[in-house]
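Worksheet for the structure shown next.
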Amino acid sequence: MTRSFTFGGLPMRVLFGHGTLDQLSAEADLLGMRRVLVLSTPQQRDQAGQAARLLGDRHAGNFDGAVMHTPTEVTERALETVRAHAIDGVVAIGGGSTTGLGKAIALHTDLPQIVVPTTYAGSEMTPILGQTENGLKTTQRDPRILPETTIYDVSLTLGLPVALSATSGLNAIAHAVEALYAPDANPIVSLLSREAIGALARALPAVVDAPGDVEARADALYGAWLCGVALGAVGMGLHHKLCHTLGGSFDLPHAETHAVVLPHALAYNAPAAPEAARLVADALGAADAAAGLHALALRLGAPISLAALGMREGDLDRAADLACRAAYPNPRTLARDAIRALLEDAFHGRAPSGAPAREQAR
Ligand code: NAD
């Protein structure tokens, strides 16, 4: 069959390395930033302070109230600070929650953003913003949301706690897995997805064993970058829909939920996307993709059951209903009973159905 695809590259500037944060003020100058607001969570005030010092007299204020899922009331408070200090650019230093706040500010103001990611979530590479208002999470895509510049500094990830390193890394792998069977998949995104899964599958066990291993951290961050590009480039399917539902309606934690659901979502889709499953298995060095992902989660000590994340068994029916409510592209048709069975497997932390029970992690 003749190949046919569409590829649209997103405009972004990326710096990658060790100690790259030192280039922050030069990057701010390139974007014409003179009065910069530095964003962080309360837990990452120290790293925000480091960014503020590097910005020198370009630094005009800090906002350290970023929280998970970008609640609109937090964005409103940050926007007040933007107005009060005549801010003309934002620097977001942290994980997906802090990046999300920067994106929300940019959506309202079109201010330029520099993101300094310290997890593997990948949000910095996408024009997508998820926000919550009155407990309801909505997602939108807009060119204003895409950060102008991302500075990946491996040294800032050395202190990422082991548990979050594992789940955030699996969250990243989920982007690349779904990119391989996306309806708008294309050769460039497939190449980088395959590369990303391999890099993370090699790096994460080493990170968990020795969190200060700079080479392993660099490989993990490199893989996470590519996963973020894949997430921003093509549409996601069942896995992201399930995680969105579980996070938004049952308040389950983001990265952990991705870690638990991924092997099950892939086991569900693999029969309808055999080439993608083969590429994932190949990248993992496993005989079966879903079993390989399950084995990787076990090797990393990541949670493997929704029960462990606080999900209640009585909510599985509603979760299955919500996940099947709206139609969206997915390689395998959404069958409510099969999705319910998938969630049940994930709830109990079973090996993914249809996958060989045992697969050796490398
Ligand atoms: P997070 O940003 O909420 O970070 C979790 C905690 O870890 C925070 O307290 C944070 O301060 C801390 N932390 C982060 N990096 C650290 C480091 N290096 N050292 C020590 N502590 C550190 O978690 P996350 O998983 O990165 O992001 C989750 C959020 O990102 C969710 O709201 C999710 O919806 C969003 N997200 C959005 C996209 C998108 O494209 N829109 C993509 C991925 C994730």
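The chains in the structure tokens are called A, B, ... from first to last as shown; in each chain the residues are counted from 1, and the ligands are counted from 1 in the order shown.
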Surrounding residues of Met311 of chain A excluding itself and chain neighbours under 4 positions, 10 Å, only C-alpha atoms, as a PyMOL selection string: chain A and resi 246+250-252+305-307+315-316+347
Using only C-alpha atoms and all ligand atoms, find each residue in chain A having at least one atom no more than 6 Å away from ligand 1; report its shortest atom-to-atom pair and that distance in Å (one decimal), rows by chain then rising number, as JSON lines.
```
{"residue": "A:Thr41", "atom": "CA", "partner": "ligand 1", "partner_atom_place_in_ligand_line": "11 (O)", "distance": 4.9}
{"residue": "A:Gln43", "atom": "CA", "partner": "ligand 1", "partner_atom_place_in_ligand_line": "11 (O)", "distance": 4.8}
{"residue": "A:Gln44", "atom": "CA", "partner": "ligand 1", "partner_atom_place_in_ligand_line": "11 (O)", "distance": 5.1}
{"residue": "A:Met68", "atom": "CA", "partner": "ligand 1", "partner_atom_place_in_ligand_line": "32 (O)", "distance": 4.3}
{"residue": "A:His69", "atom": "CA", "partner": "ligand 1", "partner_atom_place_in_ligand_line": "32 (O)", "distance": 3.5}
{"residue": "A:Gly94", "atom": "CA", "partner": "ligand 1", "partner_atom_place_in_ligand_line": "15 (N)", "distance": 5.0}
{"residue": "A:Gly95", "atom": "CA", "partner": "ligand 1", "partner_atom_place_in_ligand_line": "2 (O)", "distance": 3.2}
{"residue": "A:Gly96", "atom": "CA", "partner": "ligand 1", "partner_atom_place_in_ligand_line": "30 (O)", "distance": 3.1}
{"residue": "A:Ser97", "atom": "CA", "partner": "ligand 1", "partner_atom_place_in_ligand_line": "2 (O)", "distance": 3.8}
{"residue": "A:Thr98", "atom": "CA", "partner": "ligand 1", "partner_atom_place_in_ligand_line": "2 (O)", "distance": 5.6}
{"residue": "A:Thr118", "atom": "CA", "partner": "ligand 1", "partner_atom_place_in_ligand_line": "18 (N)", "distance": 4.3}
{"residue": "A:Thr119", "atom": "CA", "partner": "ligand 1", "partner_atom_place_in_ligand_line": "15 (N)", "distance": 4.9}
{"residue": "A:Ala121", "atom": "CA", "partner": "ligand 1", "partner_atom_place_in_ligand_line": "43 (C)", "distance": 4.4}
{"residue": "A:Gly122", "atom": "CA", "partner": "ligand 1", "partner_atom_place_in_ligand_line": "43 (C)", "distance": 5.2}
{"residue": "A:Ser123", "atom": "CA", "partner": "ligand 1", "partner_atom_place_in_ligand_line": "42 (C)", "distance": 3.6}
{"residue": "A:Thr126", "atom": "CA", "partner": "ligand 1", "partner_atom_place_in_ligand_line": "40 (O)", "distance": 5.0}
{"residue": "A:Ile128", "atom": "CA", "partner": "ligand 1", "partner_atom_place_in_ligand_line": "41 (N)", "distance": 4.5}
{"residue": "A:Leu129", "atom": "CA", "partner": "ligand 1", "partner_atom_place_in_ligand_line": "41 (N)", "distance": 4.3}
{"residue": "A:Gly130", "atom": "CA", "partner": "ligand 1", "partner_atom_place_in_ligand_line": "41 (N)", "distance": 5.4}
{"residue": "A:Leu156", "atom": "CA", "partner": "ligand 1", "partner_atom_place_in_ligand_line": "18 (N)", "distance": 5.5}
{"residue": "A:Thr157", "atom": "CA", "partner": "ligand 1", "partner_atom_place_in_ligand_line": "18 (N)", "distance": 4.2}
{"residue": "A:Gly159", "atom": "CA", "partner": "ligand 1", "partner_atom_place_in_ligand_line": "19 (N)", "distance": 4.6}
{"residue": "A:Leu160", "atom": "CA", "partner": "ligand 1", "partner_atom_place_in_ligand_line": "19 (N)", "distance": 3.7}
{"residue": "A:Ser168", "atom": "CA", "partner": "ligand 1", "partner_atom_place_in_ligand_line": "25 (O)", "distance": 5.6}
{"residue": "A:His254", "atom": "CA", "partner": "ligand 1", "partner_atom_place_in_ligand_line": "31 (C)", "distance": 5.6}
{"residue": "A:Ala255", "atom": "CA", "partner": "ligand 1", "partner_atom_place_in_ligand_line": "25 (O)", "distance": 4.9}
```
Could you build a table of the residues in segment 5-68 of chain A lying no more than 8 Å from segment 143-151 of chain A, giving for each the nearest pair of atoms and their separation in Å rounded to one decimal place, using only C-alpha atoms, ordered by chain and ascending residue number, as CSV?
```
residue,atom,partner,partner_atom,distance
A:Pro11,CA,A:Glu148,CA,7.6
A:Met12,CA,A:Glu148,CA,5.4
A:Arg13,CA,A:Thr149,CA,4.7
A:Val14,CA,A:Thr150,CA,4.9
A:Leu15,CA,A:Ile151,CA,4.8
A:Phe16,CA,A:Ile151,CA,6.2
A:Thr20,CA,A:Ile151,CA,6.7
A:Leu21,CA,A:Ile151,CA,6.6
A:Leu24,CA,A:Ile151,CA,7.8
A:Glu27,CA,A:Thr149,CA,7.8
```
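The gap separating atom CA of Arg45 of chain A from atom CA of Gly100 of chain A is 16.8 Å, in Å to one decimal.
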Using only C-alpha atoms, determine which residues lie at most 7 Å from Ala289 of chain A, disregarding the query and same-chain residues fewer than 2 positions distant; provide the list as an NGL selection string. :A and (277-278 or 280-281 or 286-287 or 291-293)
I need the residues from that last selection saved to file as a PDB file, in the first residue's frame (with C-alpha atoms), if you can.
```pdb
ATOM      1  CA  ALA A 277       2.627  -3.500  19.587  1.00  0.00           C
ATOM      2  CA  ARG A 278       5.579  -5.098  17.808  1.00  0.00           C
ATOM      3  CA  VAL A 280       6.796  -1.327  21.574  1.00  0.00           C
ATOM      4  CA  ALA A 281       7.889  -4.888  22.390  1.00  0.00           C
ATOM      5  CA  ALA A 286      10.344  -7.973  25.398  1.00  0.00           C
ATOM      6  CA  ALA A 287       8.469 -10.734  23.593  1.00  0.00           C
ATOM      7  CA  ALA A 291       3.569  -7.972  29.427  1.00  0.00           C
ATOM      8  CA  GLY A 292       6.832  -6.069  28.905  1.00  0.00           C
ATOM      9  CA  LEU A 293       5.281  -2.852  30.203  1.00  0.00           C
TER      10      LEU A 293
END
```
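Of note, atom CA of Val261 of chain A and atom CA of Arg340 of chain A are spaced 12.5 Å apart.
Between Val234 of chain A and the residues A:Gln113, A:Asn186, A:Ser155, A:Thr139, the shortest atom-to-atom distance, using only C-alpha atoms, involves A:Asn186.
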